[in-house]
file target.txt (compact mmCIF, C-alpha atoms)
# COMPACT_ATOMS: atom_id res chain seq x y z
CA MET B 1 0.99 59.88 12.67
CA LYS B 2 3.20 62.81 13.64
CA LYS B 3 1.39 63.47 16.90
CA ASN B 4 1.72 59.81 17.86
CA PHE B 5 5.45 59.87 17.18
CA TYR B 6 6.02 62.99 19.28
CA LEU B 7 3.85 61.63 22.07
CA ASP B 8 5.80 58.35 22.04
CA VAL B 9 9.09 60.26 22.20
CA ILE B 10 7.84 62.34 25.15
CA LEU B 11 6.57 59.23 26.94
CA PHE B 12 9.86 57.41 26.34
CA ILE B 13 12.01 60.28 27.61
CA ALA B 14 9.78 60.92 30.64
CA GLY B 15 9.73 57.20 31.43
CA LEU B 16 13.49 56.90 31.12
CA ILE B 17 14.01 59.90 33.41
CA CYS B 18 11.53 58.49 35.91
CA ILE B 19 13.23 55.07 35.90
CA ILE B 20 16.75 56.46 36.25
CA THR B 21 15.88 58.92 39.03
CA GLY B 22 13.81 56.24 40.77
CA ILE B 23 16.76 53.84 40.80
CA MET B 24 19.09 56.59 41.98
CA LEU B 25 16.70 57.52 44.80
CA ASP B 26 16.07 53.91 45.82
CA PHE B 27 19.71 52.87 45.93
CA HIS B 28 20.92 56.20 47.39
CA ILE B 29 23.43 56.83 44.62
CA ILE B 30 22.81 60.56 44.30
CA PRO B 31 25.96 62.66 44.38
CA GLY B 32 25.83 65.58 46.78
CA GLY B 33 23.81 66.23 49.88
CA ARG B 34 20.16 66.71 50.76
CA GLU B 35 19.69 69.52 48.26
CA TYR B 36 20.51 67.21 45.35
CA HIS B 37 18.26 64.51 46.81
CA ARG B 38 15.37 66.97 46.80
CA ILE B 39 16.09 68.00 43.21
CA TYR B 40 16.18 64.39 42.00
CA ARG B 41 12.96 63.64 43.88
CA GLU B 42 11.24 66.58 42.18
CA ILE B 43 12.54 65.52 38.76
CA HIS B 44 11.26 62.01 39.45
CA THR B 45 7.84 63.31 40.52
CA TYR B 46 7.34 65.68 37.61
CA SER B 47 8.52 63.18 35.02
CA GLY B 48 5.88 60.85 36.44
CA TYR B 49 3.27 63.59 35.98
CA VAL B 50 4.35 64.04 32.37
CA MET B 51 4.02 60.29 31.82
CA ALA B 52 0.54 60.24 33.36
CA ILE B 53 -0.66 63.12 31.19
CA GLY B 54 0.93 61.53 28.13
CA LEU B 55 -0.77 58.24 28.92
CA ILE B 56 -4.15 59.98 29.08
CA PHE B 57 -3.53 61.59 25.67
CA HIS B 58 -2.38 58.24 24.29
CA ILE B 59 -5.53 56.46 25.47
CA VAL B 60 -7.81 59.22 24.17
CA TRP B 61 -6.10 59.31 20.76
CA HIS B 62 -6.34 55.52 20.44
CA SER B 63 -9.83 55.13 21.90
CA SER B 64 -11.32 53.95 18.60
CA TRP B 65 -8.64 51.28 18.29
CA ILE B 66 -9.24 50.19 21.88
CA LYS B 67 -13.01 49.93 21.25
CA ASN B 68 -12.43 47.86 18.12
CA ALA B 69 -10.03 45.57 19.94
CA PHE B 70 -12.59 44.91 22.67
CA LYS B 71 -15.26 44.23 20.03
CA GLN B 72 -12.97 41.64 18.47
CA LEU B 73 -12.53 39.96 21.86
CA LYS B 74 -16.29 39.60 22.28
CA LYS B 75 -16.62 37.64 19.01

call {"tool": "encode", "arguments": {"input": "target.txt", "output": "structure tokens"}}
result
Amino acid sequence: MKKNFYLDVILFIAGLICIITGIMLDFHIIPGGREYHRIYREIHTYSGYVMAIGLIFHIVWHSSWIKNAFKQLKK
């Protein structure tokens, strides 16, 4: 239970950062010059990496639930 909670918190924060920086990059609302643009792009990229790794952990930790859900669909 605890590991799921912490993983969900990490996924939420990484997702929020990725969404916010993605919107800022897409709409060009980054204060400062090119240096700040590069920093926001790196934050966006690495928060996406954290989300991808977290998603893998989430799927692995819930693999038994996923298997049971697919078994229920077959019936």

call {"tool": "closest_residue", "arguments": {"input": "target.txt", "among": "B:Ala52, B:Val60, B:Leu73, B:Met24", "to": "Ile39 of chain B", "atoms": "only C-alpha atoms"}}
result
B:Met24

call {"tool": "atom_distance", "arguments": {"input": "target.txt", "atom1": "atom CA of Gly15 of chain B", "atom2": "atom CA of His44 of chain B"}}
result
9.5 Å

call {"tool": "closest_residue", "arguments": {"input": "target.txt", "among": "B:Phe57, B:Lys75, B:Ala69, B:Ser47", "to": "Ile17 of chain B", "atoms": "all atoms listed in the file"}}
result
B:Ser47

call {"tool": "atom_distance", "arguments": {"input": "target.txt", "atom1": "atom CA of Ile19 of chain B", "atom2": "atom CA of Ile56 of chain B"}}
result
19.3 Å

call {"tool": "closest_residue", "arguments": {"input": "target.txt", "among": "B:Asp26, B:Ala14, B:His62, B:Asn4", "to": "Tyr49 of chain B", "atoms": "all atoms listed in the file"}}
result
B:Ala14

call {"tool": "atom_distance", "arguments": {"input": "target.txt", "atom1": "atom CA of Leu11 of chain B", "atom2": "atom CA of Met51 of chain B"}}
result
5.6 Å

call {"tool": "closest_residue", "arguments": {"input": "target.txt", "among": "B:Gly22, B:Val50, B:Ile59, B:Ile66", "to": "His37 of chain B", "atoms": "all atoms listed in the file"}}
result
B:Gly22

call {"tool": "closest_residue", "arguments": {"input": "target.txt", "among": "B:His58, B:Ile23, B:Pro31, B:Arg38", "to": "Tyr6 of chain B", "atoms": "only C-alpha atoms"}}
result
B:His58

call {"tool": "axis_aligned_box", "arguments": {"input": "target.txt", "around": "segment 9-22 of chain B", "padding_each_side": "4 Å", "output": "JSON"}}
result
{"center_x": 11.7, "center_y": 58.7, "center_z": 31.5, "size_x": 18.2, "size_y": 15.3, "size_z": 26.6}
